[in-house]
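Novice: After the structure tokens below, expect a handful of questions from me.
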Amino acid sequence: MDGLCEDTPAGVLARDDEEAIMAVDLETEAKILRLHHAEKWRKGTIARHLAIHHCVVERVLRQAGLPGTGTVRGSPMFEPYLALILQTLEKYPTLTASRLYGMVRERGYPGGPDHFRHLLARHRPRRPAEAYLRLRTLPGEQCQCDWAHFSHLTIGRARRPLMAFVMVLSYSRRIYLRFFLNARMENFLRGHIGAFDAFGGCSRVVLYDNLKSAVLERQGQAIRFHPTLVALAGHYRFEARPVAICRGNEKGRVERAIRYIRGAFFAARQFRDLADLNAQAAAWCDGQASDRPCPEDQALSVRDAFLRERPLLLPLPAHAFPSDERVEVSVGKTPYVRFDLNDYTIPHTHVQRTLTVHASEDTVRVLDGAEVISCLARSYDKGAQIETPAHIEQLVEHKREARHHRGIGRLAKAAPASVELLEQAAKRSGNLGTITAGLLRLLERFGAAELQAAILEALERGVPHPTAVRLALERRREQRNQPPPVAMLLPEHVVARDAPVRTHNLGSYDELSKEHPDDEQT
């Protein structure tokens with residue numbers, strides 16, 4: 001075996017080294033004993049000569065009655081600090097090796113951290129091995145569920161975690177597997193609903209880990225469950241039961257199922273998207289996973305055991321538990337709501353309000369109270385804009401009308417004759433937007449007085465069109481021998497100074513003098 005050295009710490013083995021220790025033959029063991037006792041070779045020399053790991057040599061000599069002292073260098077540096085280390089570990093058994101190394105380093109320990117860590121591992125107190133009873137459950141009595149993380153999935157510009165919801169019937173070991181893009185409460189509910197539908201019923205007890213979707217707070221035996229999980233349990237009539245803290249072995253069936261899924265299903269799996277992966281997972285659960293032997297009864301397959309267990313499951317209610325995600329969102333000035341990293345359009349009449357988003361796995365609905373104002377396909381990308389063309393067209397049309405009305409008001413104020421011109425143009429099915437824009441350009445170039453006179457001339461000729469108005473303006477300019485006007489873009493406050501002012505009718509003052517004739521005599 002290449003790469004062996006005498007400095008390799010004892011007790012630190014790779015997987016290949018462990019296999020080599022288990023695979024050593026009797027002839028090699030005899031050579032080790034002969035070279036050590038007869039030739040007086042050191043353990044490292046024997047290991048290099050026979051091309052084996054030095055731990056193999058130590059094991060063979062230890063089985064022959066020699067003490068397993070190991071081949072660790074630097075123990076004289078470690079010994080002066082051993083008493084301090086043992087006292088500290090007795091008081092703080094879980095203290096990290098890095099903290100202990102810092103303590104001995106402050107007291108003059110000259111060794112390196114890696115060497116110290118390997119030496120410390122020999123003296124750290126270890127908990128005694130705990131034995132467990134083999135637990136058996138009745139058919140239909142219990143199922144176990146948990147989340148498992150399977151790397152990440154890239155969708156467009158978004159990198160989302162790939163989470164697997166796994167539920168296992170404790171008696172038949174029937175597996176339900178479905179992948180989601182997060183482990184939020186809504187997907188936790190959808191996993192339960194899908195599992196119960198796949199099983200055709202529900203067990204009386206569902207065993208959980210102490211995840212936040214199940215347990216919000218726990219003090220000893222006092223448990224505060226998530227209210228949504230309580231509602232789910234009431235809907236399907238099962239008992240939610242969490243395992244003890246730091247006791248993952250109590251739900252070993254689902255833990256072993258997750259390990260089985262990693263090796264037998266997900267390893268080297270190719271898939272196009274999440275839907276394709278879930279379709280393959282469903283086929284695998286109905287096929288290979290159901291055809292394996294049932295651990296409760298090796299004479300049966302998981303499929304046969306499930307057929308026995310299925311009639312004993314609790315019947316499902318008529319309606320599934322609601323699992324849509326509900327979020328309140330504040331809408332700004334643009335007709336979009338932000339949900340799960342993406343923007344969804346709404347009608348422009350609902351901006352600057354607080355709306356409600358109801359999202360399923362494939363649909364996003366936006367509600368204003370009880371009214372559904374938008375329904376779009378859900379996107380799992382990042383920064384995408386999911387639009388309904390009608391929403392954008394309505395906003396564009398609304399903006400066009402606003403500009404159109406503002407232009408008409410400005411023309412009516414500067415050149416009152418423009419109102420009649422627009423009315424006659426409308427009777428002839430003219431494009432009022434184009435006519436208004438043309439008149440506004442002429443207003444900026446020639447001024448209000450000239451535009452008013454030109455419009456009156458165009459109306460007299462019976463041609464209500466900006467071209468006729470422009471020709472009249474040009475003819476009037478040439479008659480006065482004036483140069484062509486130059487268009488100038490002035491600030492709004494400067495333009496406002498040249499706005500025409502309608503003079504007040506002075507006849508009202510004459511009426512006031514007639515009402516008091518006595519004042520005139522005096």
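Please note that chains go A, B, ... in the order of the structure tokens, that every chain numbers its residues from 1, and that ligands are numbered from 1 in the order shown.
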Which residues come within 10 Å of Phe116 (chain A), counting only C-alpha atoms, excluding same-chain residues fewer than 2 positions away, as a list in words?
Specialist: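 Everything that qualifies: Gly74, Ser75, Met77, Phe78, Ala97, Ser98, Leu100, Tyr101, Val104, Tyr109, Pro110, Gly111, Gly112, Pro113, Asp114, His118, Leu119, Leu120 and Ala121 of chain A.
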Novice: Based on the selection just made, write N, CA, C and O atoms of those residues as a PDB file, in the first residue's frame.
Specialist:
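As written to disk, part-v3.pdb reads:
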```
ATOM      1  N   GLY A  74       6.213  12.328  19.558  1.00  0.00           N
ATOM      2  CA  GLY A  74       5.916  13.571  20.245  1.00  0.00           C
ATOM      3  C   GLY A  74       5.214  13.406  21.565  1.00  0.00           C
ATOM      4  O   GLY A  74       4.830  14.388  22.178  1.00  0.00           O
ATOM      5  N   SER A  75       4.971  12.170  22.044  1.00  0.00           N
ATOM      6  CA  SER A  75       4.308  11.995  23.332  1.00  0.00           C
ATOM      7  C   SER A  75       5.084  12.596  24.491  1.00  0.00           C
ATOM      8  O   SER A  75       4.451  13.045  25.456  1.00  0.00           O
ATOM      9  N   MET A  77       6.344  15.489  24.597  1.00  0.00           N
ATOM     10  CA  MET A  77       5.873  16.869  24.671  1.00  0.00           C
ATOM     11  C   MET A  77       4.480  16.941  25.278  1.00  0.00           C
ATOM     12  O   MET A  77       4.106  17.919  25.913  1.00  0.00           O
ATOM     13  N   PHE A  78       3.690  15.884  25.072  1.00  0.00           N
ATOM     14  CA  PHE A  78       2.300  15.878  25.506  1.00  0.00           C
ATOM     15  C   PHE A  78       2.150  15.541  26.978  1.00  0.00           C
ATOM     16  O   PHE A  78       1.215  16.016  27.638  1.00  0.00           O
ATOM     17  N   ALA A  97     -11.187  20.497  20.843  1.00  0.00           N
ATOM     18  CA  ALA A  97      -9.742  20.323  20.804  1.00  0.00           C
ATOM     19  C   ALA A  97      -9.026  21.645  20.527  1.00  0.00           C
ATOM     20  O   ALA A  97      -7.919  21.881  21.034  1.00  0.00           O
ATOM     21  N   SER A  98      -9.642  22.525  19.733  1.00  0.00           N
ATOM     22  CA  SER A  98      -8.999  23.803  19.440  1.00  0.00           C
ATOM     23  C   SER A  98      -8.872  24.666  20.697  1.00  0.00           C
ATOM     24  O   SER A  98      -7.864  25.352  20.886  1.00  0.00           O
ATOM     25  N   LEU A 100      -8.715  23.484  23.863  1.00  0.00           N
ATOM     26  CA  LEU A 100      -7.706  22.852  24.702  1.00  0.00           C
ATOM     27  C   LEU A 100      -6.297  23.125  24.167  1.00  0.00           C
ATOM     28  O   LEU A 100      -5.362  23.344  24.946  1.00  0.00           O
ATOM     29  N   TYR A 101      -6.169  23.121  22.849  1.00  0.00           N
ATOM     30  CA  TYR A 101      -4.857  23.415  22.281  1.00  0.00           C
ATOM     31  C   TYR A 101      -4.431  24.840  22.619  1.00  0.00           C
ATOM     32  O   TYR A 101      -3.259  25.100  22.916  1.00  0.00           O
ATOM     33  N   VAL A 104      -3.144  24.837  26.303  1.00  0.00           N
ATOM     34  CA  VAL A 104      -1.799  24.283  26.509  1.00  0.00           C
ATOM     35  C   VAL A 104      -0.746  25.092  25.751  1.00  0.00           C
ATOM     36  O   VAL A 104       0.415  25.154  26.160  1.00  0.00           O
ATOM     37  N   TYR A 109       3.204  24.627  25.299  1.00  0.00           N
ATOM     38  CA  TYR A 109       3.213  23.403  24.490  1.00  0.00           C
ATOM     39  C   TYR A 109       3.794  23.710  23.115  1.00  0.00           C
ATOM     40  O   TYR A 109       3.297  24.584  22.407  1.00  0.00           O
ATOM     41  N   PRO A 110       4.841  22.997  22.692  1.00  0.00           N
ATOM     42  CA  PRO A 110       5.508  23.335  21.429  1.00  0.00           C
ATOM     43  C   PRO A 110       4.957  22.613  20.201  1.00  0.00           C
ATOM     44  O   PRO A 110       5.385  22.905  19.083  1.00  0.00           O
ATOM     45  N   GLY A 111       4.064  21.646  20.374  1.00  0.00           N
ATOM     46  CA  GLY A 111       3.601  20.841  19.247  1.00  0.00           C
ATOM     47  C   GLY A 111       2.592  21.562  18.375  1.00  0.00           C
ATOM     48  O   GLY A 111       2.092  22.650  18.693  1.00  0.00           O
ATOM     49  N   GLY A 112       2.257  20.932  17.242  1.00  0.00           N
ATOM     50  CA  GLY A 112       1.292  21.490  16.299  1.00  0.00           C
ATOM     51  C   GLY A 112      -0.125  21.082  16.644  1.00  0.00           C
ATOM     52  O   GLY A 112      -0.369  20.140  17.401  1.00  0.00           O
ATOM     53  N   PRO A 113      -1.110  21.777  16.083  1.00  0.00           N
ATOM     54  CA  PRO A 113      -2.511  21.501  16.426  1.00  0.00           C
ATOM     55  C   PRO A 113      -2.990  20.133  15.945  1.00  0.00           C
ATOM     56  O   PRO A 113      -3.757  19.471  16.646  1.00  0.00           O
ATOM     57  N   ASP A 114      -2.576  19.700  14.758  1.00  0.00           N
ATOM     58  CA  ASP A 114      -3.051  18.412  14.255  1.00  0.00           C
ATOM     59  C   ASP A 114      -2.514  17.262  15.106  1.00  0.00           C
ATOM     60  O   ASP A 114      -3.258  16.322  15.437  1.00  0.00           O
ATOM     61  N   HIS A 118      -4.801  14.521  17.539  1.00  0.00           N
ATOM     62  CA  HIS A 118      -4.766  13.060  17.507  1.00  0.00           C
ATOM     63  C   HIS A 118      -4.402  12.473  18.873  1.00  0.00           C
ATOM     64  O   HIS A 118      -4.951  11.444  19.276  1.00  0.00           O
ATOM     65  N   LEU A 119      -3.523  13.132  19.579  1.00  0.00           N
ATOM     66  CA  LEU A 119      -3.184  12.661  20.921  1.00  0.00           C
ATOM     67  C   LEU A 119      -4.345  12.848  21.886  1.00  0.00           C
ATOM     68  O   LEU A 119      -4.599  11.995  22.741  1.00  0.00           O
ATOM     69  N   LEU A 120      -5.057  13.946  21.736  1.00  0.00           N
ATOM     70  CA  LEU A 120      -6.179  14.214  22.635  1.00  0.00           C
ATOM     71  C   LEU A 120      -7.294  13.192  22.455  1.00  0.00           C
ATOM     72  O   LEU A 120      -8.003  12.856  23.415  1.00  0.00           O
ATOM     73  N   ALA A 121      -7.465  12.700  21.229  1.00  0.00           N
ATOM     74  CA  ALA A 121      -8.556  11.762  20.974  1.00  0.00           C
ATOM     75  C   ALA A 121      -8.425  10.498  21.818  1.00  0.00           C
ATOM     76  O   ALA A 121      -9.428   9.837  22.114  1.00  0.00           O
TER      77      ALA A 121
END
```
Novice: For region 435-447 of chain A, work out the shell of residues within 7 Å, counting only C-alpha atoms and skipping chain neighbours fewer than 3 positions away, then give it as a JSON list (two decimals) with N, CA, C and O atoms, in the first residue's frame.
Specialist:
```json
[["chain", "number", "residue", "atom", "x", "y", "z"],
["A", 407, "GLY", "N", -53.11, 67.43, -23.41],
["A", 407, "GLY", "CA", -52.81, 68.23, -24.61],
["A", 407, "GLY", "C", -54.01, 69.04, -25.06],
["A", 407, "GLY", "O", -53.89, 70.20, -25.44],
["A", 408, "ILE", "N", -55.20, 68.43, -25.04],
["A", 408, "ILE", "CA", -56.42, 69.15, -25.44],
["A", 408, "ILE", "C", -56.67, 70.34, -24.51],
["A", 408, "ILE", "O", -57.05, 71.44, -24.95],
["A", 411, "LEU", "N", -54.27, 73.18, -25.42],
["A", 411, "LEU", "CA", -54.66, 73.84, -26.66],
["A", 411, "LEU", "C", -55.88, 74.72, -26.46],
["A", 411, "LEU", "O", -55.96, 75.86, -26.99],
["A", 431, "ASN", "N", -57.52, 61.15, -36.49],
["A", 431, "ASN", "CA", -56.79, 60.67, -35.31],
["A", 431, "ASN", "C", -56.54, 61.86, -34.39],
["A", 431, "ASN", "O", -55.66, 62.69, -34.64],
["A", 432, "LEU", "N", -57.32, 61.95, -33.33],
["A", 432, "LEU", "CA", -57.24, 63.12, -32.46],
["A", 432, "LEU", "C", -55.90, 63.20, -31.75],
["A", 432, "LEU", "O", -55.39, 64.30, -31.48],
["A", 450, "GLU", "N", -50.65, 83.51, -33.03],
["A", 450, "GLU", "CA", -50.54, 83.07, -34.41],
["A", 450, "GLU", "C", -51.28, 81.77, -34.64],
["A", 450, "GLU", "O", -51.91, 81.57, -35.68],
["A", 451, "LEU", "N", -51.20, 80.84, -33.69],
["A", 451, "LEU", "CA", -51.91, 79.56, -33.85],
["A", 451, "LEU", "C", -53.42, 79.79, -33.87],
["A", 451, "LEU", "O", -54.13, 79.17, -34.67],
["A", 465, "HIS", "N", -57.31, 70.36, -40.16],
["A", 465, "HIS", "CA", -56.16, 69.47, -40.12],
["A", 465, "HIS", "C", -54.92, 70.28, -39.78],
["A", 465, "HIS", "O", -54.79, 71.45, -40.20],
["A", 466, "PRO", "N", -53.97, 69.73, -39.02],
["A", 466, "PRO", "CA", -52.76, 70.48, -38.68],
["A", 466, "PRO", "C", -51.97, 70.96, -39.88],
["A", 466, "PRO", "O", -51.29, 71.99, -39.82],
["A", 485, "PRO", "N", -39.36, 80.25, -37.64],
["A", 485, "PRO", "CA", -39.19, 80.12, -36.19],
["A", 485, "PRO", "C", -38.30, 78.93, -35.84],
["A", 485, "PRO", "O", -38.30, 77.91, -36.53],
["A", 486, "VAL", "N", -37.56, 79.09, -34.79],
["A", 486, "VAL", "CA", -36.69, 78.03, -34.30],
["A", 486, "VAL", "C", -37.32, 77.44, -33.04],
["A", 486, "VAL", "O", -37.66, 78.18, -32.10],
["A", 487, "ALA", "N", -37.48, 76.12, -33.04],
["A", 487, "ALA", "CA", -38.08, 75.46, -31.87],
["A", 487, "ALA", "C", -37.12, 75.52, -30.69],
["A", 487, "ALA", "O", -35.94, 75.21, -30.82]]
```
Novice: Give me, please, the distance in Å between CA of Leu312 (chain A) and CA of Arg253 (chain A), quoted to one decimal.
Specialist: 19.6 Å
Novice: For region 205-207 of chain A, work out the shell of residues within 9 Å, counting only C-alpha atoms and skipping chain neighbours fewer than 4 positions away, then give it as a list in words.
Specialist: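 Once the adjacent positions are removed, what remains is Gly140, Glu141, Gln142, Cys143, Gln144, Cys145, Asp146, Phe238, Glu239, Ala240, Arg241, Pro242, Val243, Glu250 and Lys251 of chain A.
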Novice: So which bits of region 226-269 of chain A end up strand (DSSP E) when you DSSP the backbone, as a ChimeraX atom specification?
Specialist: /A:239-242
Novice: Under the rule that only C-alpha atoms are counted, which of A:Leu177, A:Leu459, A:Cys55, A:Ile193 is the nearest residue to Ala283 (chain A)?
Specialist: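 That would be A:Leu177, the residue with the smallest distance to Ala283 (chain A).
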Novice: Which residues are close to Phe179 (chain A), i.e. within 10 Å by only C-alpha atoms, leaving aside same-chain residues fewer than 6 positions away? Reply as a PyMOL selection string.
Specialist: chain A and resi 147-150+162-166+187+191+274-275+277-279+281
Novice: Write out, as a PDB file, in the first residue's frame, the residues just selected, with N, CA and C atoms.
Specialist:
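Saved as result_39.pdb:
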```
ATOM      1  N   TRP A 147     -37.462  15.734   6.619  1.00  0.00           N
ATOM      2  CA  TRP A 147     -36.877  16.389   5.458  1.00  0.00           C
ATOM      3  C   TRP A 147     -35.456  15.867   5.238  1.00  0.00           C
ATOM      4  N   ALA A 148     -35.023  15.872   3.989  1.00  0.00           N
ATOM      5  CA  ALA A 148     -33.643  15.525   3.637  1.00  0.00           C
ATOM      6  C   ALA A 148     -33.165  16.496   2.573  1.00  0.00           C
ATOM      7  N   HIS A 149     -31.937  16.937   2.715  1.00  0.00           N
ATOM      8  CA  HIS A 149     -31.367  17.916   1.775  1.00  0.00           C
ATOM      9  C   HIS A 149     -30.567  17.199   0.695  1.00  0.00           C
ATOM     10  N   PHE A 150     -30.878  17.524  -0.572  1.00  0.00           N
ATOM     11  CA  PHE A 150     -30.210  16.899  -1.713  1.00  0.00           C
ATOM     12  C   PHE A 150     -29.603  17.982  -2.601  1.00  0.00           C
ATOM     13  N   LEU A 162     -32.730  21.822  -2.924  1.00  0.00           N
ATOM     14  CA  LEU A 162     -33.549  20.673  -3.319  1.00  0.00           C
ATOM     15  C   LEU A 162     -33.807  19.840  -2.076  1.00  0.00           C
ATOM     16  N   MET A 163     -35.039  19.900  -1.577  1.00  0.00           N
ATOM     17  CA  MET A 163     -35.421  19.223  -0.347  1.00  0.00           C
ATOM     18  C   MET A 163     -36.369  18.067  -0.660  1.00  0.00           C
ATOM     19  N   ALA A 164     -36.143  16.956   0.017  1.00  0.00           N
ATOM     20  CA  ALA A 164     -36.971  15.767  -0.174  1.00  0.00           C
ATOM     21  C   ALA A 164     -37.826  15.546   1.060  1.00  0.00           C
ATOM     22  N   PHE A 165     -39.134  15.457   0.856  1.00  0.00           N
ATOM     23  CA  PHE A 165     -40.044  15.077   1.933  1.00  0.00           C
ATOM     24  C   PHE A 165     -40.219  13.564   1.875  1.00  0.00           C
ATOM     25  N   VAL A 166     -39.907  12.903   2.981  1.00  0.00           N
ATOM     26  CA  VAL A 166     -39.947  11.439   3.039  1.00  0.00           C
ATOM     27  C   VAL A 166     -40.882  11.025   4.176  1.00  0.00           C
ATOM     28  N   ASN A 187     -44.974  23.560   1.837  1.00  0.00           N
ATOM     29  CA  ASN A 187     -44.508  22.306   1.242  1.00  0.00           C
ATOM     30  C   ASN A 187     -44.560  21.158   2.243  1.00  0.00           C
ATOM     31  N   GLY A 191     -46.514  17.780   1.376  1.00  0.00           N
ATOM     32  CA  GLY A 191     -45.927  16.453   1.513  1.00  0.00           C
ATOM     33  C   GLY A 191     -46.850  15.503   2.256  1.00  0.00           C
ATOM     34  N   LEU A 274     -37.789  19.657 -11.905  1.00  0.00           N
ATOM     35  CA  LEU A 274     -38.368  19.122 -10.669  1.00  0.00           C
ATOM     36  C   LEU A 274     -39.521  18.179 -10.963  1.00  0.00           C
ATOM     37  N   ALA A 275     -40.348  18.499 -11.938  1.00  0.00           N
ATOM     38  CA  ALA A 275     -41.481  17.624 -12.263  1.00  0.00           C
ATOM     39  C   ALA A 275     -40.995  16.260 -12.735  1.00  0.00           C
ATOM     40  N   LEU A 277     -38.124  14.849 -11.948  1.00  0.00           N
ATOM     41  CA  LEU A 277     -37.553  14.161 -10.792  1.00  0.00           C
ATOM     42  C   LEU A 277     -38.651  13.547  -9.925  1.00  0.00           C
ATOM     43  N   ASN A 278     -39.747  14.269  -9.688  1.00  0.00           N
ATOM     44  CA  ASN A 278     -40.835  13.738  -8.878  1.00  0.00           C
ATOM     45  C   ASN A 278     -41.549  12.582  -9.583  1.00  0.00           C
ATOM     46  N   ALA A 279     -41.642  12.655 -10.900  1.00  0.00           N
ATOM     47  CA  ALA A 279     -42.242  11.530 -11.638  1.00  0.00           C
ATOM     48  C   ALA A 279     -41.374  10.276 -11.505  1.00  0.00           C
ATOM     49  N   ALA A 281     -39.357   9.689  -8.995  1.00  0.00           N
ATOM     50  CA  ALA A 281     -39.443   9.270  -7.600  1.00  0.00           C
ATOM     51  C   ALA A 281     -40.708   8.457  -7.346  1.00  0.00           C
TER      52      ALA A 281
END
```
Novice: Looking at A:Leu66, A:Val357, A:Leu50, A:Leu82, which one is nearest to His37 (chain A), with distances taken over only C-alpha atoms?
Specialist: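 Answer, going by the shortest atom-to-atom distance: A:Leu66.
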Novice: Give the helix (DSSP H, G or I) residues of region 161-365 of chain A, as DSSP finds them on the backbone, and put them as JSON, numbers by chain.
Specialist: {"A": [185, 186, 187, 188, 189, 190, 191, 192, 193, 194, 195, 196, 197, 198, 199, 227, 228, 229, 230, 231, 232, 233, 234, 235, 236, 248, 249, 250, 251, 252, 253, 254, 255, 256, 257, 258, 259, 260, 261, 262, 263, 264, 265, 266, 274, 275, 276, 277, 278, 279, 280, 281, 282, 283, 284, 285, 286, 288, 289, 290, 291, 302, 303, 304, 305, 306, 307, 308, 309, 310, 311, 312, 348, 349, 350]}
Novice: Can you work out which one of A:Val463, A:Val396, A:Val168, A:Leu33 has the shortest atom-to-atom distance to Val56 (chain A), counting only C-alpha atoms?
Specialist: A:Leu33
Novice: When distances are computed from only C-alpha atoms, which of A:His36, A:Arg292, A:Arg480, A:Arg174 shows the smallest separation from Phe199 (chain A)?
Specialist: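 So, comparing all the options, the nearest one is A:Arg174.
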Novice: Tell me, in Å to one decimal, how far CA of Leu95 (chain A) is from CA of Pro80 (chain A).
Specialist: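 Computed distance, CA of Leu95 (chain A) to CA of Pro80 (chain A), equals 19.5 Å.
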Novice: Determine, counting only C-alpha atoms, which protein, DNA and RNA residues have an atom within 8 Å of an atom of region 294-308 of chain A; residues of the same chain fewer than 2 positions away are not included. Present the result as a PyMOL selection string.
Specialist: chain A and resi 136+139+171-174+289-292+310-312
Novice: Mind writing the picked residues with N, CA, C and O atoms as a PDB file, in the first residue's frame?
Specialist:
```pdb
ATOM      1  N   ARG A 136     -41.294  -2.785  17.415  1.00  0.00           N
ATOM      2  CA  ARG A 136     -42.233  -3.254  16.408  1.00  0.00           C
ATOM      3  C   ARG A 136     -43.532  -2.473  16.541  1.00  0.00           C
ATOM      4  O   ARG A 136     -43.952  -2.140  17.650  1.00  0.00           O
ATOM      5  N   PRO A 139     -49.782  -2.814  12.265  1.00  0.00           N
ATOM      6  CA  PRO A 139     -50.161  -2.252  10.960  1.00  0.00           C
ATOM      7  C   PRO A 139     -51.096  -1.055  11.129  1.00  0.00           C
ATOM      8  O   PRO A 139     -52.062  -1.101  11.898  1.00  0.00           O
ATOM      9  N   TYR A 171     -44.805  -0.076   9.717  1.00  0.00           N
ATOM     10  CA  TYR A 171     -44.992  -1.531   9.637  1.00  0.00           C
ATOM     11  C   TYR A 171     -44.534  -2.067   8.279  1.00  0.00           C
ATOM     12  O   TYR A 171     -43.653  -2.929   8.198  1.00  0.00           O
ATOM     13  N   SER A 172     -45.095  -1.559   7.208  1.00  0.00           N
ATOM     14  CA  SER A 172     -44.795  -2.114   5.887  1.00  0.00           C
ATOM     15  C   SER A 172     -43.551  -1.500   5.258  1.00  0.00           C
ATOM     16  O   SER A 172     -43.029  -2.049   4.293  1.00  0.00           O
ATOM     17  N   ARG A 173     -43.060  -0.383   5.781  1.00  0.00           N
ATOM     18  CA  ARG A 173     -41.918   0.365   5.247  1.00  0.00           C
ATOM     19  C   ARG A 173     -42.183   0.901   3.845  1.00  0.00           C
ATOM     20  O   ARG A 173     -41.255   1.137   3.070  1.00  0.00           O
ATOM     21  N   ARG A 174     -43.448   1.113   3.548  1.00  0.00           N
ATOM     22  CA  ARG A 174     -43.796   1.769   2.288  1.00  0.00           C
ATOM     23  C   ARG A 174     -43.275   3.207   2.328  1.00  0.00           C
ATOM     24  O   ARG A 174     -43.490   3.932   3.292  1.00  0.00           O
ATOM     25  N   ALA A 289     -38.588   0.272  -4.751  1.00  0.00           N
ATOM     26  CA  ALA A 289     -38.708   0.405  -3.302  1.00  0.00           C
ATOM     27  C   ALA A 289     -39.795  -0.496  -2.730  1.00  0.00           C
ATOM     28  O   ALA A 289     -39.709  -0.915  -1.569  1.00  0.00           O
ATOM     29  N   SER A 290     -40.823  -0.789  -3.506  1.00  0.00           N
ATOM     30  CA  SER A 290     -41.900  -1.659  -3.027  1.00  0.00           C
ATOM     31  C   SER A 290     -41.585  -3.137  -3.206  1.00  0.00           C
ATOM     32  O   SER A 290     -42.222  -3.984  -2.560  1.00  0.00           O
ATOM     33  N   ASP A 291     -40.640  -3.458  -4.048  1.00  0.00           N
ATOM     34  CA  ASP A 291     -40.299  -4.860  -4.292  1.00  0.00           C
ATOM     35  C   ASP A 291     -39.215  -5.390  -3.356  1.00  0.00           C
ATOM     36  O   ASP A 291     -38.917  -6.586  -3.382  1.00  0.00           O
ATOM     37  N   ARG A 292     -38.615  -4.545  -2.538  1.00  0.00           N
ATOM     38  CA  ARG A 292     -37.569  -5.004  -1.621  1.00  0.00           C
ATOM     39  C   ARG A 292     -38.204  -5.786  -0.469  1.00  0.00           C
ATOM     40  O   ARG A 292     -39.392  -5.614  -0.163  1.00  0.00           O
ATOM     41  N   ARG A 310     -52.838  -1.425   4.455  1.00  0.00           N
ATOM     42  CA  ARG A 310     -53.679  -0.358   3.897  1.00  0.00           C
ATOM     43  C   ARG A 310     -55.107  -0.370   4.434  1.00  0.00           C
ATOM     44  O   ARG A 310     -55.644   0.699   4.764  1.00  0.00           O
ATOM     45  N   PRO A 311     -55.785  -1.518   4.563  1.00  0.00           N
ATOM     46  CA  PRO A 311     -57.166  -1.468   5.092  1.00  0.00           C
ATOM     47  C   PRO A 311     -57.247  -0.970   6.535  1.00  0.00           C
ATOM     48  O   PRO A 311     -58.336  -0.583   6.985  1.00  0.00           O
ATOM     49  N   LEU A 312     -56.131  -0.976   7.269  1.00  0.00           N
ATOM     50  CA  LEU A 312     -56.151  -0.575   8.672  1.00  0.00           C
ATOM     51  C   LEU A 312     -55.805   0.905   8.872  1.00  0.00           C
ATOM     52  O   LEU A 312     -55.799   1.382  10.012  1.00  0.00           O
TER      53      LEU A 312
END
```
Novice: Of the residues A:Lys382, A:Arg42, A:Arg428, A:His54, which is the one nearest to Gly156 (chain A), using only C-alpha atoms?
Specialist: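 Using only C-alpha atoms, Gly156 (chain A) sits closest to A:Lys382.
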Novice: In Å to one decimal, how far is CA of Trp284 (chain A) from CA of Ala264 (chain A)?
Specialist: 9.5 Å
Novice: Quick one: residues within 12 Å of Leu341 (chain A), only C-alpha atoms, excluding same-chain residues fewer than 4 positions away - as a list in words?
Specialist: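 Neighbouring residues, sequence-local ones excluded: Gly156, Arg157, Ala158, Arg159, Arg160, Val337, Arg378, Ser379, Tyr380, Asp381, Lys382, Gly383, Ala384, Gln385 and Ile386 of chain A.
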